[in-house]
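Structure first, then comments.
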Amino acid sequence: MTVEIPNMTVAGVEILKPRTDNREYRRIVLKNLLQVLLISDPDTDKCAASMSVSVGSFSDPQGLEGLAHFLEHMLFYASAKYPVEDSYSKYITEHGGSTNAYTSSEETNYHFDVNADCFDEALDRFAQFFIKPLMSADATMREIKAVDSENQKNLLSDGWRVRQLQKHLSRENHPYHKFSTGNMDTLHVRPQAKGVDTRSELIKFYEEHYSANIMHLVVYGKESLDKIQDLVEGMFQDIQNTNKSVPRFPGQPCTPDHLQILVKAVPIKQGHKLGVAWPVTPSIHHYEESPSQYLGHLIGHEGEGSLFHALKTLGWATGLSAGESDWTLDYSFFKVSIDLTDAGHEHMQEILGLLFRYIQLLQQTGGCQWIFDELSAICETKFHYQDKIPPMSYIVDIASNMQLYPSKDWLVGSSLPSKFNPAIVQKVVDELSPSNVRILWESQKFEGQTDKAEPWYNTAYSLEKITSSTIQEWVQSAPDVKLHLPAPNVFIPTDLSLKDAKNKETVPVLLRKSPFSRLWYKPDTMFSKPKAYVKMDFNCPVAVSSPDAAVLTDIFTRLLMDYLNEYAYYAQVAGLYYGVSLSDNGFELTLIGYNHKLRILLETVVGKIANFEVKSDRFAVIKETVTKEYQNYKFRQPYHQAMYYCSLILQDQTWPWTEELDVLSHLEAEDVAKFVPMLLSRTFIECYIAGNVENSEAESMVMHIEDVLFNDPKPICRPLFPSQHLTNRVVKLGKGMNYFYHQDGSNPSDENSALVHYIQVHRDDFAMNIKLQLFGLIAKQATFHQLRTVEQLGYITALAQRNDSGIYGVQFIIQSSVKGPGHIDSRVESLLKNFESKLYEMSDEEFKSNVTALIDMKLEKHKNLKEESRFYWREIQSGTLKFNRREAEVAALKQLQKQELIDFFNKYIKVGAAQKKSLSIRVYGSQHLKEMASDKDEVPSPSVEIEDIVGFRKSQPLHGSFRGCGQPKL
């Protein structure tokens, strides 16, 4: 018997949904007490489901750390109804979908999406996770290795290390103290030594905790609510209900011993960070009053008068964030994180003094009604005009919300502060006291000054107690800067009306062209939101002409962002985002958000470009920040290093980071001051304006920019000469050749190795594109299953498409701590050999099914303006201008025969194919370094060993560029 609650109302209370949301919602409770939210969206192309189970790593048995996380991995393998290993993931992947899961302290969440016409079977396979999973003995050991590989990848990550250190410095008998990920030691070695069978414990854990009455399911479908309800009732009512109560862990993680402490820790990466945390009342109990969100808004503010503005002006900080984190129903922490400069590191005490001084200001002023009302208005507009996002992303949060909130607020969660209550704000701000604080200070300068090590990640640290009176001294000795509450936010949109797009263009049109710029325009005909998307790419030939120029352009864009921050921060808070960043041929300006006040922000940014001056104090801070970023390149994950080397080999006009770091070492403020006029002296601006903007407004914006930059009596910018228009070109690998690049990993402490095996195929062409994409779709899950699941080479295993400026290829990406790159490369070749026979054996029905899945993926509608705009901007920026790409490729797919795919594979992908062009980037971790010499000796012929990347690139022919050729005439 299903208890049905009428659509959108629960016990007479309406589920609050956005005003612009046309989807239908229904809550039902199955006879096994599983709570379900059904969502019907007739417009969707993808369907999705998310199951939240109210148990997580806090429930791990003593001595089996990581068991809940390990169980999350194991449920993907097989079930009694679908016993073929990995068939769930295979089915989803082959039908255009994706699947994932996560384990947190008190929740495990499983989710997937898939093409709408395959949803029924995918949902049934998903339901079996919770009815009768197999958890075979054979799979158990293999997946312990996968968990161990996942942990290996985290060992040198400062984020993971610091999180565990904070947990370590808490009560040992509170589950917050635990190590949650698990590894080979906790899941195999130690249990085995004690005679404990991990698989038996796994099954016991599942049977004890996976009860329908503590699960929450969200199902997002295309059909009517009645049809979705029939599906769910038929598939999920067999989940057992053992009337388990949701595990609760009362009590605070921190005793007085864990408060009033200063911890100094040694990070892996360059840089200094200050983390300040206080245990506070969990906001979940006051989510409509939102005390922590209110305080986070003020302490994290970046406008004039804020704590961050003061620290930035003093040259002490480059970033600051504040808010609640690590919370449950029983405890919570309010955290302030500050990124320090070298000077800030030397003034840590004064920085903490200023933080506590700002908190004292908030304690004295109490809750301000107008600030709360402003925050409430911003949040309300954001909720009611929220963009549609992919169904899977949407429902994961809702499934989690169902555990915590009354049903009327399942869609809202804590995102709508609506009740001003100064007493609750006062209570939480009073908890941010010196007697309650935990300070974590990270810097490599503490190397050799620590006496302790955290056991799971081996993070070196020291600990000392600090008193309230000490902090009071810091407050008194802090610089005398004027801290005050923010000004009213002038960027809050008040005009949310929709423009009547007279032209119903379905693709961008070339609205205007001049010697200075080109404007592409696309009105919103799909999303009915008061939002706009503006992209302006400043093509500056000087920007990419040398490593010096690349670094100077980077510094320029960062200084621009830095100068705009205190003004434009208000715009970001109000939902109008902006960015100035490097592009392939110069720099680009992006504005996304409510259109009402976008023009004001755009004109301010362009004014800053026109009147750019170098402030030497800010230059010094930015230079220091960029230098640390480059120095930290060597600590990147090995697979990121391999992908970087691949791009450096293929892409013309790119420079090694080591050369750019060398440039930085002798750069001065006057170098930037001299460079920027040269950078801007010859410029062409490629513009794209889309959304709730009329074509006359779009033209007016671009004309204003031309007036400011080009039409002044002494113009800052002049148009490009025809010979200066830039093209992005890619190395043309030789047919039938194997290229190899061997490199030791840049971090000697990292045991992980990585391989990127790249196959270059063709220049953008609809008929070729679809064959490559179809190969990728069919081979993706086979790659994952064979290399990760069966051979356990590493947690990071992927097959991905690659597109470099219109040159298409495919790449296998694997990171491993168990095998070296040479061995992994041989396994990729072996996989391709096996795939050949699979392709020949594929039935016509299976072939058609894969083609249909790819067509469905291609016809998937854009869900919001940003997604649509990014699609069209890629066409504009690459010069391909194929705005009908999806329709044209679908038409080609409908004509495709199986033999054509086989011929394509045999010609371009197959091992030993005469036309095949492959490039293997092999990055060697510390434990595989000794294999490099023999691997080099064993490479197949004909092959080219790349010793000097830039030298190699200069010696090779380049593919033609799409930019600059066949441009449309106005």
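Simple scheme: letters A, B, ... for chains in structure tokens order, numbers from 1 for residues in each chain, numbers from 1 for ligands in the order shown.
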Could you give me, as a PyMOL selection string, the residues within 12 Å of Ile351 (chain A), counting only C-alpha atoms and dropping anything in the same chain fewer than 6 positions from it?
chain A and resi 273-276+307-308+310-312+314-317+320+336-341+343-345+357-358+441+471+474-481
Kindly export the residues of the current selection with C-alpha atoms, as a PDB file, in the first residue's frame.
```pdb
ATOM      1  CA  LYS A 273      47.061  29.500   4.999  1.00  0.00           C
ATOM      2  CA  LEU A 274      45.279  30.376   8.202  1.00  0.00           C
ATOM      3  CA  GLY A 275      42.204  28.392   9.223  1.00  0.00           C
ATOM      4  CA  VAL A 276      40.210  29.613  12.230  1.00  0.00           C
ATOM      5  CA  LEU A 307      38.110  42.392   6.971  1.00  0.00           C
ATOM      6  CA  PHE A 308      39.396  41.105   3.613  1.00  0.00           C
ATOM      7  CA  ALA A 310      41.786  45.655   5.169  1.00  0.00           C
ATOM      8  CA  LEU A 311      44.057  42.591   4.891  1.00  0.00           C
ATOM      9  CA  LYS A 312      44.403  43.074   1.134  1.00  0.00           C
ATOM     10  CA  LEU A 314      47.945  45.822   4.061  1.00  0.00           C
ATOM     11  CA  GLY A 315      49.320  43.276   1.536  1.00  0.00           C
ATOM     12  CA  TRP A 316      48.694  40.385   3.925  1.00  0.00           C
ATOM     13  CA  ALA A 317      46.005  38.239   2.245  1.00  0.00           C
ATOM     14  CA  LEU A 320      39.249  34.908   2.468  1.00  0.00           C
ATOM     15  CA  VAL A 336      37.283  31.414   8.397  1.00  0.00           C
ATOM     16  CA  SER A 337      39.997  30.523   5.851  1.00  0.00           C
ATOM     17  CA  ILE A 338      42.586  33.112   4.835  1.00  0.00           C
ATOM     18  CA  ASP A 339      45.234  32.752   2.100  1.00  0.00           C
ATOM     19  CA  LEU A 340      48.269  34.653   3.361  1.00  0.00           C
ATOM     20  CA  THR A 341      51.051  36.395   1.503  1.00  0.00           C
ATOM     21  CA  ALA A 343      54.164  39.359   4.597  1.00  0.00           C
ATOM     22  CA  GLY A 344      50.850  38.102   6.004  1.00  0.00           C
ATOM     23  CA  HIS A 345      52.597  35.021   7.338  1.00  0.00           C
ATOM     24  CA  ARG A 357      38.096  42.960  16.100  1.00  0.00           C
ATOM     25  CA  TYR A 358      35.636  42.504  13.211  1.00  0.00           C
ATOM     26  CA  TRP A 441      48.322  27.677  10.446  1.00  0.00           C
ATOM     27  CA  ILE A 471      44.241  36.922  21.709  1.00  0.00           C
ATOM     28  CA  TRP A 474      46.678  40.591  19.454  1.00  0.00           C
ATOM     29  CA  VAL A 475      43.447  42.568  19.048  1.00  0.00           C
ATOM     30  CA  GLN A 476      44.972  45.590  20.800  1.00  0.00           C
ATOM     31  CA  SER A 477      48.216  45.450  18.808  1.00  0.00           C
ATOM     32  CA  ALA A 478      46.466  45.074  15.441  1.00  0.00           C
ATOM     33  CA  PRO A 479      46.789  47.990  12.969  1.00  0.00           C
ATOM     34  CA  ASP A 480      44.327  50.826  13.320  1.00  0.00           C
ATOM     35  CA  VAL A 481      42.195  50.249  10.217  1.00  0.00           C
TER      36      VAL A 481
END
```
Please provide the set of residues having any atom within 7 Å of Phe491 (chain A), restricted to only C-alpha atoms, with same-chain residues fewer than 5 positions apart removed, written as a PyMOL selection string.
chain A and resi 570-571+574+597
Per DSSP on the backbone, what are the strand (DSSP E) residues of region 16-181 of chain A, as a PyMOL selection string?
chain A and resi 24-29+35-40+46-53+98-103+108-115
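Considering the residues A:Leu463, A:Ala48, A:Phe619, A:Val676 and counting only C-alpha atoms, Val542 (chain A) has its shortest atom-to-atom contact with A:Val676.
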Using only C-alpha atoms, the best pick from A:Gln192, A:Ser696, A:Ser292, A:Gln651 as closest to Pro417 (chain A) would be A:Ser292
Run DSSP on the backbone and tell me which residues of region 762-946 of chain A come out as helix (DSSP H, G or I); list them as an MDAnalysis selection string.
chainID A and resid 766:790 821:841 844:858 865:878 885:895 898:909 929:937
Choose the residue, out of A:Cys687, A:Tyr220, A:Ile466, A:Glu841, that has the smallest atom-to-atom separation from Gln349 (chain A); count only C-alpha atoms.
A:Ile466
When you draw a straight line from CA of Glu304 (chain A) to CA of Asn565 (chain A), how long is it in Å?
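Separating CA of Glu304 (chain A) from CA of Asn565 (chain A) is a distance of 9.6 Å.
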